[in-house]
Amino acid sequence: MQLRNLSYFKRIVIFMTVSALFGMIVAIVVFKGSDTVDVYLDNLNGSAYKKVVTEFEPKGIAETLIAESDDEYIHVRFRGLKKGDTLVRVICPKEDESETVFHDSYVFSLVVTRTHFIYTNLEYDINGYQYLFFVITLIYLAFGIYMIHMFRQSRKSAFFSYHSIISLGLVLYYMLQGLALLPFSATAMLHPEKMNGLYFFTFNSFVLTAVSLLSTPFLLIFSLLLSISNIKLIKKEGKRLSNLLGIILSFVLLSGVAIIFIMFTQSVLVDYLRITPKSMAINLTRGIISSLFVYFECNLLATLFLSRRAGKHKPKYDKDFIIILGCGIREDGTLYPLLRGRADRAIAFYREQLEKTGKKAVFVPSGGQGPDEVMPEGEAIKRYLIEQGIPEEQIMAETKSLNTFQNMKFSKDIIDSKNSDANIAFSTTNYHVFRGGMLASSVGMNADGMGAKTKWYFWPNALIREFVGMLVKERKIHIFLLIIIVTQAIIMGNIQLLLNLL
């Protein structure tokens, strides 16, 4: 079966599994058979030594293959002989006419594992680490590029889809890390002597933490606007849980930033560059929290971007039917401004299409009768359309629906009775276009949405509803992705321990 014919979830699972297996194979190839390690020490003398001497205690654990220096570094290559620990002393004698003066010396432990992979506890240099770094960076970038492809496929198959949000969120998450790590890993490839072997893994945690902290101004402004809009919404529509979503999310976002900031201040920058048990624990915890925070932040940004794009979407001028979604009428049967805006947006599109293509569309005003309404909303919208000069024969009212899902379902039934292969558009308020498009897709109707402008304070709460709805509806995908992300953070934070267990 071709990959594109599989479900969205299965395609992500397959790609991530293949990527993980590829990374494991590279790690095994690079490290499994390695029996050498290169150590680069700072040359404190400022000029090359004529001779570099190494001593082992006990002997027989490792041997020296290369011992040399230049003006900047002392380069020593060791080869493991058998499993064990040995104390290494690197001596750089400065010779003059009368005596030999031991100008520089370094003492550190060298560890040879049972697989003959060796490393030092001085700088934790890992032989071949630069290749693994580069592969991990490429995996990040490859997955980001693949998610761009998935995003385009989702948009093509269903313009309004939660899969589009997830795909775009993953594009942001992995491309952000890949692009940040690319210059770092490229430098490691070209100049391994200038980079500690494990810097890459702690730097990965630092990248995510930095993103979390650098986004603080945006989150503060965003949270402030959410809270202000919610207060305005509560004044207009009363205290309901749905109207408090913005304030709740603001509290969660700011709490997350505060936690990451507190953890960041527990260690100074040197803790990122010096591997100690304490810094490892801090880096690991911070990496997990930061990765989760950035993941949800990327999904929130994707939701914001696509919701705004959906609200400004302009359908093609080829529509056979235009559905107008109802949303309540006055006691006398006239339209509230919100509903009138939806009807006016549909009328404007109808006239634009007629002018540009000469094609007439049929209106399907949709909405049933609520307990406090004098007539069905569909009928009230129909009357308004006639008042605006739309011929009655161009209107087919739907008057049974009680929510947006039924709006789409019952309207589709009416349209299918006339033309089962029709081009359809629907008109609603701009903040409601994305959800309307998803509900249209859920009843098997591929419809273009158009949005009417509305008060600014409706937007933030609608955005949060979309975000929460996406998390809940696609929880299976999110749980899987969160497991992957946390696993990555654990591996990055404990890479030296894992390699020692090889």
# chains A, B, ... in the order shown; residues from 1 in each chain; ligands from 1
$ residues_around --residues "stretch 54-67 of chain A" --least-positions-apart "2" --cutoff "9 Å" --atoms "only C-alpha atoms" --output "VMD selection string"
chain A and resid 36 38 51 to 52 69 74 to 92 110 to 112
$ residues_around --residues "stretch 162-167 of chain A" --least-positions-apart "2" --cutoff "8 Å" --atoms "only C-alpha atoms" --output "ChimeraX atom specification"
/A:8,147-148,150-152,154-155,160,169-171,299,302-303,306,438,470,474
$ write_last_selection --atoms "all heavy atoms" --output "compact mmCIF listing (two decimals), in the first residue's frame"
# COMPACT_ATOMS: atom_id res chain seq x y z
N TYR A 8 -3.55 9.57 8.27
CA TYR A 8 -2.62 10.61 8.69
C TYR A 8 -1.77 10.12 9.86
O TYR A 8 -0.54 10.27 9.87
CB TYR A 8 -3.42 11.86 9.10
CG TYR A 8 -2.59 13.02 9.57
CD1 TYR A 8 -2.03 13.91 8.67
CD2 TYR A 8 -2.38 13.23 10.93
CE1 TYR A 8 -1.28 14.99 9.10
CE2 TYR A 8 -1.63 14.31 11.38
CZ TYR A 8 -1.08 15.18 10.47
OH TYR A 8 -0.34 16.25 10.91
N MET A 147 6.80 17.20 7.18
CA MET A 147 5.56 17.76 7.71
C MET A 147 5.07 18.92 6.85
O MET A 147 3.87 19.19 6.81
CB MET A 147 5.75 18.20 9.16
CG MET A 147 5.97 17.05 10.14
SD MET A 147 4.89 15.61 9.89
CE MET A 147 3.25 16.34 10.05
N ILE A 148 5.99 19.62 6.16
CA ILE A 148 5.54 20.62 5.19
C ILE A 148 4.74 19.93 4.09
O ILE A 148 3.69 20.42 3.66
CB ILE A 148 6.75 21.38 4.59
CG1 ILE A 148 7.41 22.25 5.66
CG2 ILE A 148 6.31 22.24 3.41
CD1 ILE A 148 8.67 22.95 5.18
N MET A 150 3.16 17.05 4.42
CA MET A 150 1.91 16.61 5.04
C MET A 150 0.92 17.78 5.17
O MET A 150 -0.29 17.62 4.97
CB MET A 150 2.19 16.00 6.40
CG MET A 150 2.96 14.70 6.36
SD MET A 150 1.90 13.28 5.98
CE MET A 150 1.08 13.04 7.54
N PHE A 151 1.46 18.94 5.52
CA PHE A 151 0.62 20.14 5.65
C PHE A 151 -0.03 20.49 4.32
O PHE A 151 -1.24 20.76 4.25
CB PHE A 151 1.47 21.30 6.16
CG PHE A 151 0.76 22.63 6.14
CD1 PHE A 151 -0.27 22.89 7.00
CD2 PHE A 151 1.15 23.61 5.24
CE1 PHE A 151 -0.92 24.13 6.98
CE2 PHE A 151 0.51 24.84 5.21
CZ PHE A 151 -0.53 25.09 6.09
N ARG A 152 0.76 20.45 3.26
CA ARG A 152 0.22 20.77 1.93
C ARG A 152 -0.81 19.73 1.49
O ARG A 152 -1.82 20.08 0.89
CB ARG A 152 1.36 20.86 0.94
CG ARG A 152 2.33 22.01 1.20
CD ARG A 152 3.44 22.07 0.18
NE ARG A 152 2.91 22.38 -1.14
CZ ARG A 152 3.65 22.47 -2.24
NH1 ARG A 152 4.97 22.27 -2.16
NH2 ARG A 152 3.09 22.74 -3.40
N SER A 154 -2.69 17.95 3.53
CA SER A 154 -3.89 18.17 4.34
C SER A 154 -4.71 19.32 3.81
O SER A 154 -5.94 19.26 3.74
CB SER A 154 -3.49 18.42 5.80
OG SER A 154 -2.84 17.31 6.37
N ARG A 155 -4.03 20.40 3.43
CA ARG A 155 -4.73 21.57 2.90
C ARG A 155 -5.38 21.27 1.55
O ARG A 155 -6.43 21.82 1.23
CB ARG A 155 -3.75 22.74 2.74
CG ARG A 155 -3.12 23.19 4.03
CD ARG A 155 -4.06 23.99 4.87
NE ARG A 155 -4.18 25.35 4.39
CZ ARG A 155 -5.00 26.25 4.91
NH1 ARG A 155 -5.79 25.92 5.89
NH2 ARG A 155 -5.05 27.47 4.43
N PHE A 160 -10.07 22.85 5.51
CA PHE A 160 -10.28 23.05 6.94
C PHE A 160 -10.10 21.71 7.63
O PHE A 160 -10.95 20.82 7.51
CB PHE A 160 -11.68 23.59 7.21
CG PHE A 160 -12.03 24.81 6.39
CD1 PHE A 160 -12.85 24.71 5.29
CD2 PHE A 160 -11.51 26.05 6.72
CE1 PHE A 160 -13.17 25.83 4.52
CE2 PHE A 160 -11.81 27.16 5.97
CZ PHE A 160 -12.65 27.06 4.86
N GLY A 169 2.15 22.81 13.15
CA GLY A 169 2.80 22.86 14.46
C GLY A 169 4.09 22.05 14.48
O GLY A 169 5.10 22.49 15.04
N LEU A 170 4.08 20.88 13.87
CA LEU A 170 5.28 20.04 13.82
C LEU A 170 6.34 20.65 12.90
O LEU A 170 7.55 20.50 13.14
CB LEU A 170 4.93 18.63 13.35
CG LEU A 170 4.15 17.78 14.36
CD1 LEU A 170 3.71 16.47 13.73
CD2 LEU A 170 4.99 17.51 15.60
N VAL A 171 5.92 21.32 11.84
CA VAL A 171 6.87 22.04 10.98
C VAL A 171 7.64 23.06 11.83
O VAL A 171 8.88 23.13 11.79
CB VAL A 171 6.15 22.74 9.82
CG1 VAL A 171 7.11 23.70 9.11
CG2 VAL A 171 5.61 21.73 8.83
N ASN A 299 1.75 24.52 18.32
CA ASN A 299 0.39 24.17 17.91
C ASN A 299 -0.56 25.35 18.09
O ASN A 299 -1.48 25.54 17.28
CB ASN A 299 -0.10 22.97 18.72
CG ASN A 299 0.33 21.65 18.12
OD1 ASN A 299 -0.27 21.13 17.19
ND2 ASN A 299 1.42 21.11 18.64
N ALA A 302 0.10 27.66 15.24
CA ALA A 302 -0.47 27.10 14.01
C ALA A 302 -1.98 27.30 13.98
O ALA A 302 -2.56 27.62 12.93
CB ALA A 302 -0.14 25.61 13.92
N THR A 303 -2.63 27.12 15.13
CA THR A 303 -4.08 27.34 15.21
C THR A 303 -4.43 28.80 14.92
O THR A 303 -5.36 29.09 14.17
CB THR A 303 -4.60 26.97 16.62
OG1 THR A 303 -4.23 25.62 16.91
CG2 THR A 303 -6.12 27.10 16.68
N LEU A 306 -3.79 29.52 11.03
CA LEU A 306 -4.76 28.92 10.11
C LEU A 306 -6.17 29.44 10.34
O LEU A 306 -6.95 29.56 9.39
CB LEU A 306 -4.72 27.40 10.24
CG LEU A 306 -3.43 26.75 9.73
CD1 LEU A 306 -3.47 25.24 9.93
CD2 LEU A 306 -3.20 27.06 8.26
N MET A 438 -14.64 22.45 9.05
CA MET A 438 -14.41 21.11 9.58
C MET A 438 -15.72 20.34 9.72
O MET A 438 -15.80 19.15 9.40
CB MET A 438 -13.72 21.20 10.94
CG MET A 438 -12.25 21.56 10.85
SD MET A 438 -11.46 21.33 12.42
CE MET A 438 -11.94 19.66 12.81
N MET A 470 -8.92 20.90 18.92
CA MET A 470 -7.92 20.15 18.17
C MET A 470 -7.18 19.16 19.06
O MET A 470 -6.93 18.01 18.70
CB MET A 470 -6.95 21.12 17.51
CG MET A 470 -5.87 20.49 16.66
SD MET A 470 -4.33 20.20 17.58
CE MET A 470 -3.87 21.85 18.06
N GLU A 474 -7.95 15.13 18.34
CA GLU A 474 -6.79 14.40 17.82
C GLU A 474 -5.86 13.95 18.94
O GLU A 474 -4.65 13.90 18.79
CB GLU A 474 -6.03 15.29 16.82
CG GLU A 474 -6.85 15.78 15.65
CD GLU A 474 -7.31 14.66 14.74
OE1 GLU A 474 -6.76 13.53 14.84
OE2 GLU A 474 -8.21 14.88 13.92
$ residues_around --residues "A:Ala440" --least-positions-apart "6" --cutoff "7 Å" --atoms "only C-alpha atoms" --output "ChimeraX atom specification"
/A:408,446-447
$ atom_distance --atom1 "atom CA of A:Pro371" --atom2 "atom CA of A:Tyr336"
16.7 Å
$ atom_distance --atom1 "atom CA of A:Ser250" --atom2 "atom CA of A:Arg465"
13.6 Å
$ residues_around --residues "A:Thr357" --least-positions-apart "3" --cutoff "9 Å" --atoms "only C-alpha atoms" --output "PyMOL selection string"
chain A and resi 317-318+352-354+360
$ write_last_selection --atoms "N, CA and C atoms" --output "PDB file, in the first residue's frame"
ATOM      1  N   TYR A 317     -14.926  31.732  -7.682  1.00  0.00           N
ATOM      2  CA  TYR A 317     -16.213  32.160  -8.227  1.00  0.00           C
ATOM      3  C   TYR A 317     -16.786  31.072  -9.146  1.00  0.00           C
ATOM      4  N   ASP A 318     -17.091  29.927  -8.554  1.00  0.00           N
ATOM      5  CA  ASP A 318     -17.677  28.828  -9.329  1.00  0.00           C
ATOM      6  C   ASP A 318     -18.769  28.105  -8.529  1.00  0.00           C
ATOM      7  N   GLU A 352     -20.585  39.408  -6.718  1.00  0.00           N
ATOM      8  CA  GLU A 352     -19.251  39.396  -7.330  1.00  0.00           C
ATOM      9  C   GLU A 352     -19.125  38.263  -8.346  1.00  0.00           C
ATOM     10  N   GLN A 353     -19.604  37.084  -7.971  1.00  0.00           N
ATOM     11  CA  GLN A 353     -19.540  35.938  -8.883  1.00  0.00           C
ATOM     12  C   GLN A 353     -20.396  36.174 -10.115  1.00  0.00           C
ATOM     13  N   LEU A 354     -21.583  36.736  -9.910  1.00  0.00           N
ATOM     14  CA  LEU A 354     -22.476  37.011 -11.032  1.00  0.00           C
ATOM     15  C   LEU A 354     -21.842  38.002 -11.995  1.00  0.00           C
ATOM     16  N   LYS A 360     -25.198  32.274 -11.524  1.00  0.00           N
ATOM     17  CA  LYS A 360     -26.040  32.521 -10.368  1.00  0.00           C
ATOM     18  C   LYS A 360     -25.932  31.358  -9.380  1.00  0.00           C
TER      19      LYS A 360
END
$ closest_residue --among "A:Ser291, A:Gln369, A:Thr285, A:Ser420" --to "A:Ile483" --atoms "only C-alpha atoms"
A:Ser291
$ residues_around --residues "A:Ile485" --least-positions-apart "6" --cutoff "10 Å" --atoms "only C-alpha atoms" --output "JSON, numbers by chain"
{"A": [287, 288, 291, 292, 295, 479, 491]}
$ closest_residue --among "A:Phe405, A:Tyr384, A:Trp459, A:Phe434" --to "A:Arg309" --atoms "only C-alpha atoms"
A:Phe434
$ select_by_dssp --residues "stretch 285-409 of chain A" --states "helix (DSSP H, G or I)" --output "number ranges by chain"
A: 285-311, 337-357, 377-387, 392-394, 404-409
$ residues_around --residues "A:Asp344" --least-positions-apart "3" --cutoff "10 Å" --atoms "only C-alpha atoms" --output "short mmCIF file (atom, residue, chain, number, x, y, z; two decimals) with N, CA, C and O atoms, in the first residue's frame"
data_model
loop_
_atom_site.label_atom_id
_atom_site.label_comp_id
_atom_site.auth_asym_id
_atom_site.auth_seq_id
_atom_site.Cartn_x
_atom_site.Cartn_y
_atom_site.Cartn_z
N ILE A 324 -25.84 29.89 4.28
CA ILE A 324 -25.68 30.94 5.29
C ILE A 324 -26.03 30.32 6.64
O ILE A 324 -27.16 29.87 6.86
N LEU A 339 -25.70 38.02 12.51
CA LEU A 339 -26.30 37.21 11.45
C LEU A 339 -26.46 38.02 10.16
O LEU A 339 -26.27 37.50 9.06
N ARG A 340 -26.77 39.29 10.32
CA ARG A 340 -26.91 40.14 9.13
C ARG A 340 -25.56 40.25 8.40
O ARG A 340 -25.51 40.29 7.17
N GLY A 341 -24.48 40.28 9.16
CA GLY A 341 -23.15 40.32 8.56
C GLY A 341 -22.88 39.07 7.73
O GLY A 341 -22.29 39.15 6.65
N ILE A 347 -24.31 37.70 0.18
CA ILE A 347 -24.87 38.50 -0.92
C ILE A 347 -23.76 39.15 -1.74
O ILE A 347 -23.79 39.16 -2.98
N ALA A 348 -22.75 39.68 -1.05
CA ALA A 348 -21.63 40.33 -1.75
C ALA A 348 -20.91 39.33 -2.65
O ALA A 348 -20.57 39.65 -3.81
N PHE A 349 -20.68 38.11 -2.14
CA PHE A 349 -20.02 37.09 -2.96
C PHE A 349 -20.90 36.70 -4.15
O PHE A 349 -20.40 36.55 -5.28
N TYR A 350 -22.19 36.56 -3.91
CA TYR A 350 -23.14 36.21 -4.97
C TYR A 350 -23.06 37.22 -6.11
O TYR A 350 -22.99 36.84 -7.29
N TYR A 384 -34.79 38.37 4.69
CA TYR A 384 -33.79 39.43 4.56
C TYR A 384 -33.18 39.41 3.15
O TYR A 384 -32.96 40.47 2.54
N LEU A 385 -32.91 38.23 2.62
CA LEU A 385 -32.34 38.12 1.28
C LEU A 385 -33.28 38.72 0.24
O LEU A 385 -32.85 39.44 -0.69
N GLN A 388 -33.19 42.35 0.17
CA GLN A 388 -31.97 42.87 -0.44
C GLN A 388 -31.94 42.65 -1.96
O GLN A 388 -30.92 42.89 -2.60
N SER A 427 -21.26 30.83 4.33
CA SER A 427 -20.95 32.14 4.90
C SER A 427 -21.23 32.11 6.39
O SER A 427 -22.30 31.68 6.83
N ALA A 452 -17.51 36.82 7.61
CA ALA A 452 -17.95 38.20 7.79
C ALA A 452 -17.24 38.79 9.00
O ALA A 452 -16.98 38.09 9.98
#
$ atom_distance --atom1 "atom CA of A:Val486" --atom2 "atom CA of A:Gly469"
22.7 Å
